[in-house]
file upload_8.cif (mmCIF, C-alpha atoms)
data_input
loop_
_atom_site.label_atom_id
_atom_site.label_comp_id
_atom_site.auth_asym_id
_atom_site.auth_seq_id
_atom_site.Cartn_x
_atom_site.Cartn_y
_atom_site.Cartn_z
CA MET A 1 -27.34 -82.20 -18.75
CA ILE A 2 -23.85 -81.97 -20.19
CA ASP A 3 -25.06 -79.29 -22.58
CA ILE A 4 -26.44 -77.18 -19.75
CA ARG A 5 -23.19 -77.52 -17.81
CA ARG A 6 -21.20 -76.55 -20.87
CA ARG A 7 -23.43 -73.58 -21.49
CA THR A 8 -23.00 -72.48 -17.87
CA THR A 9 -19.24 -72.82 -18.14
CA TYR A 10 -19.19 -70.81 -21.37
CA PHE A 11 -21.38 -68.18 -19.76
CA PHE A 12 -19.05 -68.04 -16.77
CA LEU A 13 -15.99 -67.70 -19.00
CA LEU A 14 -17.66 -65.01 -21.07
CA VAL A 15 -18.63 -62.99 -18.00
CA SER A 16 -15.16 -63.39 -16.47
CA LEU A 17 -13.53 -62.28 -19.71
CA SER A 18 -15.80 -59.25 -19.84
CA HIS A 19 -14.70 -58.30 -16.33
CA VAL A 20 -11.04 -58.65 -17.25
CA LEU A 21 -11.54 -56.47 -20.33
CA LEU A 22 -13.41 -53.95 -18.23
CA ILE A 23 -10.61 -53.80 -15.68
CA SER A 24 -7.97 -53.52 -18.41
CA ALA A 25 -9.77 -50.63 -20.06
CA GLN A 26 -9.87 -48.69 -16.81
CA VAL A 27 -6.31 -49.34 -15.78
CA GLN A 28 -5.11 -48.02 -19.14
CA SER A 29 -7.20 -44.85 -19.12
CA LYS A 30 -9.25 -43.83 -16.14
CA SER A 31 -10.84 -40.41 -16.58
CA GLY A 32 -14.11 -38.97 -15.34
CA MET A 33 -16.96 -40.98 -13.86
CA PRO A 34 -17.84 -44.13 -15.80
CA LEU A 35 -21.47 -44.54 -16.79
CA LEU A 36 -22.06 -47.62 -14.66
CA GLU A 37 -20.56 -45.87 -11.66
CA ALA A 38 -22.82 -42.83 -12.12
CA ILE A 39 -25.97 -44.94 -12.57
CA ALA A 40 -25.22 -47.19 -9.58
CA PHE A 41 -24.29 -44.30 -7.32
CA GLY A 42 -27.35 -42.31 -8.35
CA ALA A 43 -29.76 -45.18 -7.84
CA PHE A 44 -28.46 -46.21 -4.45
CA SER A 45 -27.91 -42.77 -2.91
CA GLY A 46 -31.69 -42.41 -2.46
CA VAL A 47 -31.91 -45.85 -0.86
CA GLN A 48 -28.92 -45.02 1.35
CA ARG A 49 -30.59 -41.81 2.52
CA ALA A 50 -33.81 -43.63 3.45
CA SER A 51 -32.08 -46.59 5.07
CA ALA A 52 -29.73 -44.32 7.04
CA GLY A 53 -32.76 -42.42 8.33
CA PHE A 54 -34.42 -45.64 9.41
CA ALA A 55 -31.24 -47.00 11.01
CA ASP A 56 -30.69 -43.69 12.83
CA GLY A 57 -34.27 -43.83 14.09
CA VAL A 58 -33.82 -47.33 15.48
CA ALA A 59 -30.43 -46.42 16.97
CA SER A 60 -31.90 -43.27 18.50
CA LEU A 61 -34.80 -45.22 20.02
CA TRP A 62 -32.39 -47.74 21.47
CA GLY A 63 -29.89 -45.17 22.73
CA ARG A 64 -32.44 -42.75 24.22
CA TYR A 65 -34.98 -45.01 25.83
CA ILE A 66 -33.58 -48.50 26.22
CA ALA A 67 -29.80 -48.48 26.62
CA VAL A 68 -29.61 -45.84 29.35
CA HIS A 69 -27.50 -47.87 31.74
CA GLY A 70 -24.64 -45.82 33.15
CA VAL A 71 -25.98 -42.46 31.96
CA VAL A 72 -25.73 -40.81 35.38
CA SER A 73 -22.06 -41.65 35.84
CA GLU A 74 -21.41 -40.65 32.26
CA ASN A 75 -23.07 -37.27 32.92
CA VAL A 76 -20.82 -36.66 35.90
CA GLN A 77 -17.79 -37.55 33.84
CA LEU A 78 -18.90 -35.33 30.97
CA ARG A 79 -19.47 -32.37 33.29
CA ALA A 80 -15.93 -32.76 34.59
CA GLU A 81 -14.64 -32.89 31.04
CA ILE A 82 -16.60 -29.76 30.08
CA THR A 83 -15.06 -27.87 32.97
CA GLN A 84 -11.64 -29.04 31.91
CA LEU A 85 -12.28 -28.12 28.28
CA GLN A 86 -13.56 -24.68 29.24
CA GLY A 87 -10.30 -24.08 31.02
CA GLN A 88 -8.35 -25.21 27.98
CA LEU A 89 -10.51 -23.02 25.75
CA GLN A 90 -9.72 -19.97 27.85
CA GLN A 91 -6.02 -20.74 27.61
CA ARG A 92 -6.29 -21.11 23.83
CA ASP A 93 -8.24 -17.85 23.55
CA ALA A 94 -5.43 -16.13 25.39
CA ILE A 95 -2.84 -17.68 23.06
CA ALA A 96 -4.92 -16.76 20.00
CA ALA A 97 -5.22 -13.19 21.21
CA GLN A 98 -1.46 -13.03 21.66
CA ALA A 99 -0.87 -14.49 18.20
CA HIS A 100 -3.34 -12.07 16.64
CA SER A 101 -1.66 -9.07 18.22
CA LEU A 102 1.74 -10.34 17.04
CA GLU A 103 0.33 -10.81 13.55
CA VAL A 104 -0.97 -7.27 13.49
CA LEU A 105 2.34 -6.00 14.76
CA LEU A 106 4.29 -7.84 12.10
CA HIS A 107 1.86 -6.76 9.35
CA LEU A 108 1.29 -10.38 8.41
CA GLN A 109 -1.49 -11.23 6.08
CA GLN A 110 -4.43 -12.67 7.94
CA SER A 111 -5.08 -16.21 7.06
CA VAL A 112 -8.29 -16.74 5.14
CA ALA A 113 -10.96 -18.54 7.15
CA GLN A 114 -12.39 -21.32 5.04
CA ARG A 115 -16.05 -22.10 4.65
CA THR A 116 -17.16 -25.49 5.90
CA LEU A 117 -20.33 -27.50 5.61
CA ALA A 118 -21.58 -30.17 8.01
CA ALA A 119 -22.59 -33.46 6.38
CA ARG A 120 -24.10 -36.67 7.73
CA VAL A 121 -22.64 -40.04 6.91
CA ILE A 122 -25.41 -42.03 5.22
CA ALA A 123 -23.57 -45.16 4.03
CA GLY A 124 -20.48 -47.17 4.79
CA ASP A 125 -18.13 -49.38 2.80
CA PRO A 126 -19.92 -50.72 -0.28
CA ALA A 127 -17.35 -53.52 -0.32
CA PRO A 128 -15.13 -54.65 2.56
CA GLY A 129 -11.86 -52.75 2.60
CA SER A 130 -12.90 -50.09 0.11
CA LEU A 131 -12.91 -47.46 2.90
CA VAL A 132 -15.35 -45.16 1.15
CA ILE A 133 -18.29 -43.52 2.89
CA THR A 134 -21.24 -41.59 1.47
CA ILE A 135 -22.37 -38.24 2.86
CA ASP A 136 -25.72 -36.49 2.41
CA ARG A 137 -24.36 -33.37 0.71
CA GLY A 138 -23.68 -32.87 -2.97
CA THR A 139 -23.39 -30.40 -5.80
CA ASP A 140 -26.50 -28.52 -4.65
CA ASP A 141 -24.58 -27.67 -1.48
CA GLY A 142 -21.47 -26.58 -3.34
CA LEU A 143 -19.53 -29.84 -3.20
CA ARG A 144 -17.19 -30.97 -5.94
CA ALA A 145 -14.40 -33.51 -6.31
CA ASP A 146 -11.23 -33.25 -4.21
CA LEU A 147 -12.64 -31.18 -1.36
CA GLY A 148 -11.18 -31.98 2.04
CA VAL A 149 -13.29 -33.62 4.73
CA PHE A 150 -12.47 -33.48 8.42
CA THR A 151 -13.96 -33.86 11.85
CA VAL A 152 -13.17 -32.63 15.33
CA GLY A 153 -10.41 -35.22 15.69
CA GLY A 154 -8.65 -34.36 12.44
CA ILE A 155 -8.50 -35.28 8.78
CA VAL A 156 -11.07 -37.77 7.46
CA GLY A 157 -10.39 -37.85 3.72
CA ARG A 158 -11.47 -36.19 0.48
CA VAL A 159 -14.46 -36.14 -1.85
CA ILE A 160 -13.90 -38.50 -4.78
CA GLY A 161 -15.66 -38.62 -8.11
CA GLN A 162 -18.35 -36.26 -9.26
CA PRO A 163 -20.89 -35.77 -6.44
CA LEU A 164 -24.61 -36.06 -7.08
CA PRO A 165 -26.98 -33.18 -6.17
CA HIS A 166 -27.55 -34.58 -2.66
CA ALA A 167 -24.80 -37.16 -2.08
CA ALA A 168 -21.07 -37.50 -2.39
CA ARG A 169 -18.49 -40.19 -1.77
CA VAL A 170 -15.58 -39.62 0.56
CA GLN A 171 -12.43 -41.70 0.38
CA LEU A 172 -11.05 -42.16 3.88
CA LEU A 173 -7.44 -41.22 4.51
CA THR A 174 -6.73 -44.85 5.38
CA GLY A 175 -8.04 -46.03 2.00
CA ARG A 176 -6.02 -47.53 -0.81
CA GLY A 177 -4.32 -44.78 -2.83
CA ALA A 178 -5.26 -41.97 -0.39
CA GLY A 179 -2.61 -39.43 0.54
CA VAL A 180 -2.08 -35.99 2.03
CA GLY A 181 0.85 -33.56 2.22
CA ALA A 182 2.18 -33.66 5.77
CA VAL A 183 4.71 -32.14 8.10
CA LEU A 184 6.06 -33.35 11.43
CA GLU A 185 5.25 -30.84 14.14
CA GLN A 186 8.53 -30.95 16.06
CA ALA A 187 11.04 -32.22 13.52
CA ASN A 188 9.55 -29.80 10.96
CA ALA A 189 10.17 -32.33 8.22
CA ALA A 190 7.80 -32.51 5.29
CA GLY A 191 6.58 -35.59 3.48
CA THR A 192 3.47 -37.39 2.38
CA VAL A 193 1.14 -39.47 4.51
CA GLN A 194 -0.35 -42.39 2.61
CA GLY A 195 -3.13 -44.81 3.46
CA GLY A 196 -3.81 -48.26 2.14
CA GLY A 197 -1.87 -50.11 4.79
CA ASP A 198 -3.17 -52.40 7.47
CA THR A 199 -0.64 -52.24 10.28
CA PRO A 200 -0.01 -49.33 10.39
CA PRO A 201 -2.99 -47.81 8.61
CA LEU A 202 -0.95 -44.73 7.63
CA ARG A 203 2.67 -44.28 6.59
CA MET A 204 4.67 -41.08 6.28
CA LEU A 205 6.98 -41.13 3.28
CA TYR A 206 9.90 -39.03 2.05
CA VAL A 207 11.25 -37.92 5.45
CA GLN A 208 15.01 -38.18 5.33
CA ASN A 209 16.97 -40.28 7.81
CA SER A 210 18.78 -37.18 9.02
CA TYR A 211 15.66 -35.88 10.78
CA ASP A 212 15.17 -36.77 14.44
CA VAL A 213 11.61 -38.11 14.56
CA LYS A 214 10.13 -38.97 17.95
CA VAL A 215 7.36 -41.45 18.72
CA GLY A 216 4.21 -39.59 19.74
CA GLU A 217 5.05 -36.55 17.66
CA ARG A 218 2.03 -35.06 15.89
CA VAL A 219 1.73 -35.12 12.12
CA LEU A 220 -0.03 -32.13 10.57
CA THR A 221 -1.14 -31.20 7.07
CA SER A 222 1.41 -29.18 5.15
CA GLY A 223 -1.07 -27.38 2.90
CA GLN A 224 0.83 -28.40 -0.21
CA ASP A 225 -1.65 -30.88 -1.65
CA GLY A 226 -4.22 -28.30 -2.71
CA ILE A 227 -6.90 -30.02 -0.62
CA PHE A 228 -6.20 -29.22 3.03
CA PRO A 229 -4.77 -26.01 4.48
CA SER A 230 -1.76 -26.39 6.73
CA GLY A 231 -2.07 -27.23 10.42
CA PHE A 232 -4.83 -29.85 10.46
CA VAL A 233 -4.05 -32.87 12.61
CA ILE A 234 -3.51 -36.12 10.71
CA GLY A 235 -2.30 -38.32 13.54
CA SER A 236 0.72 -39.16 15.64
CA VAL A 237 3.91 -41.10 15.02
CA THR A 238 3.85 -44.62 16.45
CA GLN A 239 7.08 -45.87 14.93
CA ALA A 240 10.06 -44.13 13.31
CA GLU A 241 12.91 -46.31 12.11
CA ARG A 242 15.93 -45.62 9.98
CA GLY A 243 15.22 -46.90 6.51
CA SER A 244 17.56 -48.81 4.22
CA THR A 245 17.15 -46.04 1.62
CA MET A 246 17.62 -42.34 2.40
CA TYR A 247 14.13 -42.09 3.94
CA ARG A 248 12.80 -43.04 7.35
CA LEU A 249 10.09 -45.67 7.87
CA ILE A 250 7.42 -43.81 9.80
CA ALA A 251 4.15 -45.34 10.98
CA VAL A 252 1.32 -42.96 11.80
CA ARG A 253 -1.80 -43.63 13.86
CA PRO A 254 -4.74 -41.52 12.59
CA SER A 255 -6.22 -39.12 15.13
CA VAL A 256 -9.74 -39.74 13.86
CA ASN A 257 -11.63 -42.80 14.98
CA PHE A 258 -13.08 -43.87 11.66
CA ALA A 259 -15.32 -46.39 13.37
CA HIS A 260 -17.42 -43.58 14.88
CA LEU A 261 -17.97 -41.23 11.99
CA ASP A 262 -21.44 -39.73 12.10
CA VAL A 263 -21.16 -36.08 11.13
CA VAL A 264 -18.22 -34.63 9.19
CA LEU A 265 -17.24 -31.19 7.93
CA VAL A 266 -16.43 -30.49 4.29
CA LEU A 267 -14.03 -27.68 3.36
CA LEU A 268 -15.85 -25.78 0.63
CA ASP A 269 -12.82 -23.78 -0.51
CA ALA A 270 -9.50 -25.09 -1.70
CA PRO A 271 -6.59 -23.69 0.33
CA PRO A 272 -4.77 -20.72 -1.21
CA SER A 273 -2.07 -21.95 -3.59
CA GLY A 274 1.53 -21.44 -2.65
CA ALA A 275 0.87 -21.59 1.08
CA GLY A 276 3.54 -23.28 3.15
CA SER A 277 7.23 -23.59 2.71
CA ALA A 278 9.79 -25.87 1.11
CA ILE A 279 7.71 -29.01 0.78
CA GLY A 280 7.99 -31.26 -2.25
CA ALA A 281 5.38 -31.39 -4.91
CA GLU A 282 4.06 -34.79 -3.93
CA LYS A 283 0.30 -34.99 -4.11
CA MET B 284 -38.78 -64.95 -12.71
CA LYS B 285 -35.40 -66.39 -11.77
CA ALA B 286 -33.59 -63.31 -13.13
CA ALA B 287 -35.96 -61.01 -11.25
CA GLY B 288 -35.33 -63.01 -8.07
CA VAL B 289 -31.56 -62.75 -8.51
CA VAL B 290 -31.74 -59.00 -9.12
CA ALA B 291 -34.02 -58.51 -6.10
CA VAL B 292 -31.78 -60.55 -3.76
CA ILE B 293 -28.66 -58.69 -4.90
CA ALA B 294 -30.31 -55.26 -4.68
CA VAL B 295 -31.51 -55.93 -1.13
CA ALA B 296 -28.04 -57.21 -0.16
CA VAL B 297 -26.31 -54.09 -1.53
CA ALA B 298 -28.76 -51.81 0.29
CA LEU B 299 -28.28 -53.75 3.54
CA GLN B 300 -24.51 -53.75 3.12
CA LEU B 301 -24.42 -49.96 2.71
CA THR B 302 -26.69 -49.39 5.69
CA LEU B 303 -24.98 -51.74 8.13
CA ALA B 304 -21.40 -50.99 7.05
CA ARG B 305 -21.85 -47.45 8.38
CA PHE B 306 -21.35 -48.87 11.85
CA THR B 307 -18.12 -50.72 11.07
CA VAL B 308 -16.19 -48.24 8.92
CA GLY B 309 -12.53 -48.32 9.82
CA SER B 310 -12.87 -51.22 12.21
CA ARG B 311 -11.70 -54.79 11.69
CA TRP B 312 -15.26 -56.09 11.61
CA ALA B 313 -15.86 -56.05 7.89
CA PHE B 314 -18.53 -58.15 6.22
CA ASP B 315 -19.80 -58.70 2.71
CA LEU B 316 -23.52 -59.35 2.58
CA VAL B 317 -23.46 -59.24 -1.22
CA LEU B 318 -21.18 -62.27 -1.29
CA VAL B 319 -23.53 -64.08 1.10
CA ALA B 320 -26.39 -63.23 -1.25
CA VAL B 321 -24.40 -64.57 -4.22
CA VAL B 322 -23.89 -67.90 -2.40
CA TYR B 323 -27.61 -67.93 -1.56
CA VAL B 324 -28.42 -67.40 -5.25
CA ALA B 325 -25.93 -70.14 -6.21
CA LEU B 326 -27.50 -72.70 -3.89
CA ARG B 327 -31.05 -71.74 -4.73
CA TRP B 328 -30.93 -71.24 -8.49
CA GLY B 329 -27.65 -72.82 -9.63
CA PRO B 330 -24.35 -71.70 -11.16
CA THR B 331 -25.74 -69.69 -14.10
CA ALA B 332 -27.82 -67.52 -11.77
CA ALA B 333 -24.82 -67.26 -9.43
CA VAL B 334 -22.60 -66.00 -12.25
CA MET B 335 -25.25 -63.41 -13.08
CA GLY B 336 -25.76 -62.42 -9.43
CA GLY B 337 -22.04 -62.35 -8.65
CA SER B 338 -21.32 -60.24 -11.67
CA LEU B 339 -24.15 -57.79 -10.94
CA GLY B 340 -23.42 -57.53 -7.20
CA GLY B 341 -19.68 -57.14 -7.66
CA LEU B 342 -20.07 -54.49 -10.36
CA LEU B 343 -22.48 -52.53 -8.20
CA GLN B 344 -20.09 -52.64 -5.25
CA ASP B 345 -17.17 -51.57 -7.43
CA ALA B 346 -19.17 -48.70 -8.84
CA LEU B 347 -20.31 -47.54 -5.42
CA ALA B 348 -16.82 -47.81 -3.94
CA GLY B 349 -15.34 -45.76 -6.77
CA SER B 350 -12.64 -48.35 -7.30
CA THR B 351 -11.64 -50.19 -10.47
CA ILE B 352 -14.89 -51.55 -11.87
CA GLY B 353 -14.74 -55.27 -12.50
CA VAL B 354 -12.40 -56.32 -9.69
CA GLY B 355 -15.18 -57.17 -7.25
CA GLY B 356 -17.34 -58.32 -10.16
CA LEU B 357 -14.81 -60.89 -11.29
CA ALA B 358 -14.15 -62.07 -7.73
CA LYS B 359 -17.84 -62.60 -7.01
CA THR B 360 -18.46 -64.18 -10.41
CA VAL B 361 -15.78 -66.79 -9.73
CA ALA B 362 -16.98 -67.34 -6.15
CA GLY B 363 -20.60 -67.62 -7.31
CA PHE B 364 -19.78 -70.04 -10.11
CA ALA B 365 -17.66 -72.22 -7.80
CA THR B 366 -20.33 -72.37 -5.09
CA GLY B 367 -23.01 -73.00 -7.72
CA VAL B 368 -21.08 -75.95 -9.14
CA ILE B 369 -20.44 -77.35 -5.67
CA GLY B 370 -24.10 -76.86 -4.78
CA SER B 371 -25.19 -78.76 -7.88
CA GLN B 372 -22.74 -81.63 -7.27
CA PHE B 373 -23.22 -82.15 -3.54
CA ILE B 374 -26.14 -81.96 -1.19
CA VAL B 375 -25.65 -78.74 0.74
CA THR B 376 -28.76 -78.39 2.85
CA ARG B 377 -27.49 -78.41 6.42
CA PRO B 378 -26.39 -75.17 8.09
CA LEU B 379 -22.75 -76.15 8.70
CA PRO B 380 -21.86 -77.09 5.09
CA ARG B 381 -23.56 -73.91 3.90
CA MET B 382 -21.59 -71.80 6.34
CA LEU B 383 -18.39 -73.53 5.26
CA LEU B 384 -19.26 -72.82 1.64
CA VAL B 385 -19.73 -69.12 2.45
CA ALA B 386 -16.45 -69.10 4.39
CA GLY B 387 -14.64 -70.63 1.41
CA ALA B 388 -16.28 -68.21 -1.01
CA THR B 389 -15.22 -65.29 1.22
CA VAL B 390 -11.58 -66.36 1.23
CA VAL B 391 -11.58 -67.04 -2.54
CA ALA B 392 -13.22 -63.69 -3.37
CA ARG B 393 -10.90 -61.77 -1.04
CA LEU B 394 -7.78 -63.43 -2.47
CA ILE B 395 -8.90 -62.67 -6.04
CA VAL B 396 -9.47 -59.00 -5.12
CA LEU B 397 -6.06 -58.79 -3.43
CA GLY B 398 -4.38 -60.51 -6.38
CA LEU B 399 -6.00 -58.18 -8.91
CA PHE B 400 -5.05 -55.09 -6.92
CA GLY B 401 -1.54 -56.53 -6.66
CA VAL B 402 -1.40 -56.79 -10.46
CA ILE B 403 -2.86 -53.30 -10.94
CA ASP B 404 -0.63 -51.61 -8.35
CA GLY B 405 2.47 -53.62 -9.16
CA HIS B 406 2.95 -54.81 -5.59
CA TRP B 407 1.12 -57.16 -3.23
CA PRO B 408 -1.14 -55.09 -0.95
CA ASP B 409 -0.95 -55.22 2.84
CA VAL B 410 -3.16 -58.05 4.00
CA SER B 411 -4.80 -58.18 7.40
CA TRP B 412 -5.36 -61.87 7.97
CA LEU B 413 -7.22 -61.01 11.16
CA ALA B 414 -9.65 -58.82 9.21
CA MET B 415 -10.10 -61.60 6.67
CA LEU B 416 -10.85 -64.05 9.46
CA ALA B 417 -13.35 -61.62 10.98
CA GLU B 418 -15.02 -61.14 7.59
CA THR B 419 -15.17 -64.90 7.07
CA LEU B 420 -16.80 -65.41 10.46
CA LEU B 421 -19.31 -62.58 10.03
CA ASN B 422 -20.23 -63.71 6.52
CA SER B 423 -20.77 -67.27 7.74
CA LEU B 424 -22.94 -65.99 10.57
CA ALA B 425 -24.95 -63.83 8.17
CA ALA B 426 -25.37 -66.85 5.89
CA PHE B 427 -26.69 -68.92 8.77
CA VAL B 428 -29.30 -66.24 9.57
CA LEU B 429 -30.24 -65.79 5.90
CA PHE B 430 -30.59 -69.49 5.08
CA GLN B 431 -32.44 -70.37 8.27
CA GLY B 432 -34.68 -67.34 7.91
CA SER B 433 -35.49 -68.00 4.27
CA GLU B 434 -36.43 -71.59 5.09
CA SER B 435 -38.52 -70.95 8.17
CA LEU B 436 -40.27 -67.76 6.98
CA PRO B 437 -42.69 -69.40 4.49
CA GLY B 438 -43.78 -71.91 7.14
CA MET B 439 -44.29 -69.18 9.70
CA LEU B 440 -46.35 -67.13 7.26
CA ARG B 441 -48.44 -70.18 6.34
CA ARG B 442 -49.20 -70.95 9.98
CA GLY B 443 -50.18 -67.34 10.63
CA PRO B 444 -50.24 -65.65 14.05
CA SER B 445 -50.42 -67.89 17.11
CA ARG B 446 -53.88 -68.47 18.53
CA HIS B 447 -52.66 -67.76 22.03
CA SER B 448 -50.97 -64.51 21.19
CA SER B 449 -54.05 -62.29 21.25
CA PHE B 450 -55.89 -61.33 24.41
CA GLY B 451 -58.88 -60.36 22.27
CA LYS B 452 -59.61 -63.93 21.23
CA ARG B 453 -59.18 -65.45 24.65
CA LYS B 454 -62.37 -66.51 26.38
CA TRP B 455 -62.33 -65.69 30.05
#

call {"tool": "encode", "arguments": {"input": "upload_8.cif", "output": "structure tokens"}}
result
Amino acid sequence: MIDIRRRTTYFFLLVSLSHVLLISAQVQSKSGMPLLEAIAFGAFSGVQRASAGFADGVASLWGRYIAVHGVVSENVQLRAEITQLQGQLQQRDAIAAQAHSLEVLLHLQQSVAQRTLAARVIAGDPAPGSLVITIDRGTDDGLRADLGVFTVGGIVGRVIGQPLPHAARVQLLTGRGAGVGAVLEQANAAGTVQGGGDTPPLRMLYVQNSYDVKVGERVLTSGQDGIFPSGFVIGSVTQAERGSTMYRLIAVRPSVNFAHLDVVLVLLDAPPSGAGSAIGAEK
Amino acid sequence: MKAAGVVAVIAVAVALQLTLARFTVGSRWAFDLVLVAVVYVALRWGPTAAVMGGSLGGLLQDALAGSTIGVGGLAKTVAGFATGVIGSQFIVTRPLPRMLLVAGATVVARLIVLGLFGVIDGHWPDVSWLAMLAETLLNSLAAFVLFQGSESLPGMLRRGPSRHSSFGKRKW
């Protein structure tokens, strides 16, 4: 009995030591996709696709035929919203037409429209707090690492690791180590928005104390990170305090509701290099 | 047979985790079904199987999350070994002690992950104690369902369908 316990303890210590060595090896030099990662991702992406299809089927059955309470009032509300949005769209069309004519007049170079691809979210966090999702598009659809992912609300994150032919992982902007080049819409101050926090989920760094930053101000992409073009909405400022160093402490609330991600858009082209103005080289 | 059982339980837990976590991305309601499965393995097959299951499940999760491989593996190995030892020393057959064991394993695993990321990053990461509490509660709840289900399912299958459930057999 004692022998078995000892053997178990030795086995436990051996396995733990292996993990520590594994972690140490990666922290020293992390390049490319490790073999284990590729095998695990490849094996489970098929299962994820099937299980997502099944879960969607059940959810669709429930949503369409069973949980229809309040649909009539929701329809009325949605119609009102459509009318309102149509009005807003007309206003924006008018503004766009004005901007276009000004652009032509000033002989400005037309901005390049980027190709996008719609992708379905097929899996959520593999481990709590990892903030990584899996989408059903991969290298066969033109995806590669570091492509930007967004939705109607704003920035979602970026493709991480080497995608498979029909699946890719997306690190959410709120994830540990995620970041994007950003600019404050009104203060016109550039910096970097970083995830990995809890409260707030996003922080804007490197904005000097001398800038007047207002709560509620929108934070947009600066286009300097080589992933997102400028002008995409990241979120809005919820707190802006004077920091003890030369930089402000700015909390940002993401504009995207990450809890309701179903379909996302992937930017298939990297933004043209050198776009934007005097923003630092932070990535 | 035991190894095949461990691998099967962990594989099903990872697949379930990926499927169900789609609906809670970005919210505070996180859960870790792989950890629940590791505790299940620990109580069913002992600490050696738990070390194997914890290591396998954690490594798979790390690989799928694209994070540093081994962090989750080490956390779940320790949690699995600890629960396995406790399970072999004490009688843990009632739902409440099992749920408490899962709750403890959740906190231990989460603290190990946070500590390792703190060492790797050079600073202690932001911790949402509320999220940890939510995860502990959800994991305990999932454990209750899993343990009760795994115990009552064989009996239900043995008994077969109820005689009164079919109209076809009823004599009018």

call {"tool": "atom_distance", "arguments": {"input": "upload_8.cif", "atom1": "CA of Ser24 (chain A)", "atom2": "CA of Thr351 (chain B)"}}
result
9.4 Å

call {"tool": "atom_distance", "arguments": {"input": "upload_8.cif", "atom1": "CA of Thr221 (chain A)", "atom2": "CA of Leu164 (chain A)"}}
result
27.8 Å

call {"tool": "resolve_selection", "arguments": {"input": "upload_8.cif", "expression": "the PyMOL selection byres ((chain B and resi 426-435) around 9)", "output": "ChimeraX atom specification"}}
result
/B:316,319-320,322-323,378-379,381-382,385,421-425,436-440

call {"tool": "write_last_selection", "arguments": {"input": "upload_8.cif", "atoms": "C-alpha atoms", "output": "PDB file, in the coordinates of the input"}}
result
ATOM      1  CA  LEU B 316     -23.520 -59.350   2.580  1.00  0.00           C
ATOM      2  CA  VAL B 319     -23.530 -64.080   1.100  1.00  0.00           C
ATOM      3  CA  ALA B 320     -26.390 -63.230  -1.250  1.00  0.00           C
ATOM      4  CA  VAL B 322     -23.890 -67.900  -2.400  1.00  0.00           C
ATOM      5  CA  TYR B 323     -27.610 -67.930  -1.560  1.00  0.00           C
ATOM      6  CA  PRO B 378     -26.390 -75.170   8.090  1.00  0.00           C
ATOM      7  CA  LEU B 379     -22.750 -76.150   8.700  1.00  0.00           C
ATOM      8  CA  ARG B 381     -23.560 -73.910   3.900  1.00  0.00           C
ATOM      9  CA  MET B 382     -21.590 -71.800   6.340  1.00  0.00           C
ATOM     10  CA  VAL B 385     -19.730 -69.120   2.450  1.00  0.00           C
ATOM     11  CA  LEU B 421     -19.310 -62.580  10.030  1.00  0.00           C
ATOM     12  CA  ASN B 422     -20.230 -63.710   6.520  1.00  0.00           C
ATOM     13  CA  SER B 423     -20.770 -67.270   7.740  1.00  0.00           C
ATOM     14  CA  LEU B 424     -22.940 -65.990  10.570  1.00  0.00           C
ATOM     15  CA  ALA B 425     -24.950 -63.830   8.170  1.00  0.00           C
ATOM     16  CA  LEU B 436     -40.270 -67.760   6.980  1.00  0.00           C
ATOM     17  CA  PRO B 437     -42.690 -69.400   4.490  1.00  0.00           C
ATOM     18  CA  GLY B 438     -43.780 -71.910   7.140  1.00  0.00           C
ATOM     19  CA  MET B 439     -44.290 -69.180   9.700  1.00  0.00           C
ATOM     20  CA  LEU B 440     -46.350 -67.130   7.260  1.00  0.00           C
TER      21      LEU B 440
END

call {"tool": "residues_around", "arguments": {"input": "upload_8.cif", "residues": "Arg158 (chain A)", "least_positions_apart": "2", "cutoff": "9 Å", "atoms": "all atoms listed in the file", "output": "ChimeraX atom specification"}}
result
/A:145-150,155-156,160,169-173,178,227,266

call {"tool": "resolve_selection", "arguments": {"input": "upload_8.cif", "expression": "the PyMOL selection byres ((chain B) within 8 of (chain A))", "output": "ChimeraX atom specification"}}
result
/B:297-298,300-310,313-315,330-331,334,338,343-354,356-357,360-361,364,403,408-411

call {"tool": "resolve_selection", "arguments": {"input": "upload_8.cif", "expression": "the PyMOL selection byres ((chain B and resi 291) around 12)", "output": "list in words"}}
result
Met284, Lys285, Ala286, Ala287, Gly288, Val289, Val290, Val292, Ile293, Ala294, Val295, Ala296, Val297, Ala298, Val317, Ala320, Val321, Val324, Gly336, Leu339 and Gly340 of chain B

call {"tool": "atom_distance", "arguments": {"input": "upload_8.cif", "atom1": "CA of Val152 (chain A)", "atom2": "CA of Leu220 (chain A)"}}
result
14.0 Å

call {"tool": "closest_residue", "arguments": {"input": "upload_8.cif", "among": "A:Gly142, A:Gly231, A:Pro163, A:Gly195", "to": "Leu268 (chain A)", "atoms": "all atoms listed in the file"}}
result
A:Gly142

call {"tool": "residues_around", "arguments": {"input": "upload_8.cif", "residues": "Thr389 (chain B)", "least_positions_apart": "6", "cutoff": "8 Å", "atoms": "only C-alpha atoms", "output": "compact mmCIF listing (two decimals) with C-alpha atoms, keeping the file's coordinate frame"}}
result
# COMPACT_ATOMS: atom_id res chain seq x y z
CA LEU B 318 -21.18 -62.27 -1.29
CA ALA B 362 -16.98 -67.34 -6.15
CA GLU B 418 -15.02 -61.14 7.59
CA THR B 419 -15.17 -64.90 7.07
CA ASN B 422 -20.23 -63.71 6.52

call {"tool": "closest_residue", "arguments": {"input": "upload_8.cif", "among": "B:Val391, B:Leu342, B:Ala417, B:Leu384", "to": "Ile369 (chain B)", "atoms": "all atoms listed in the file"}}
result
B:Leu384
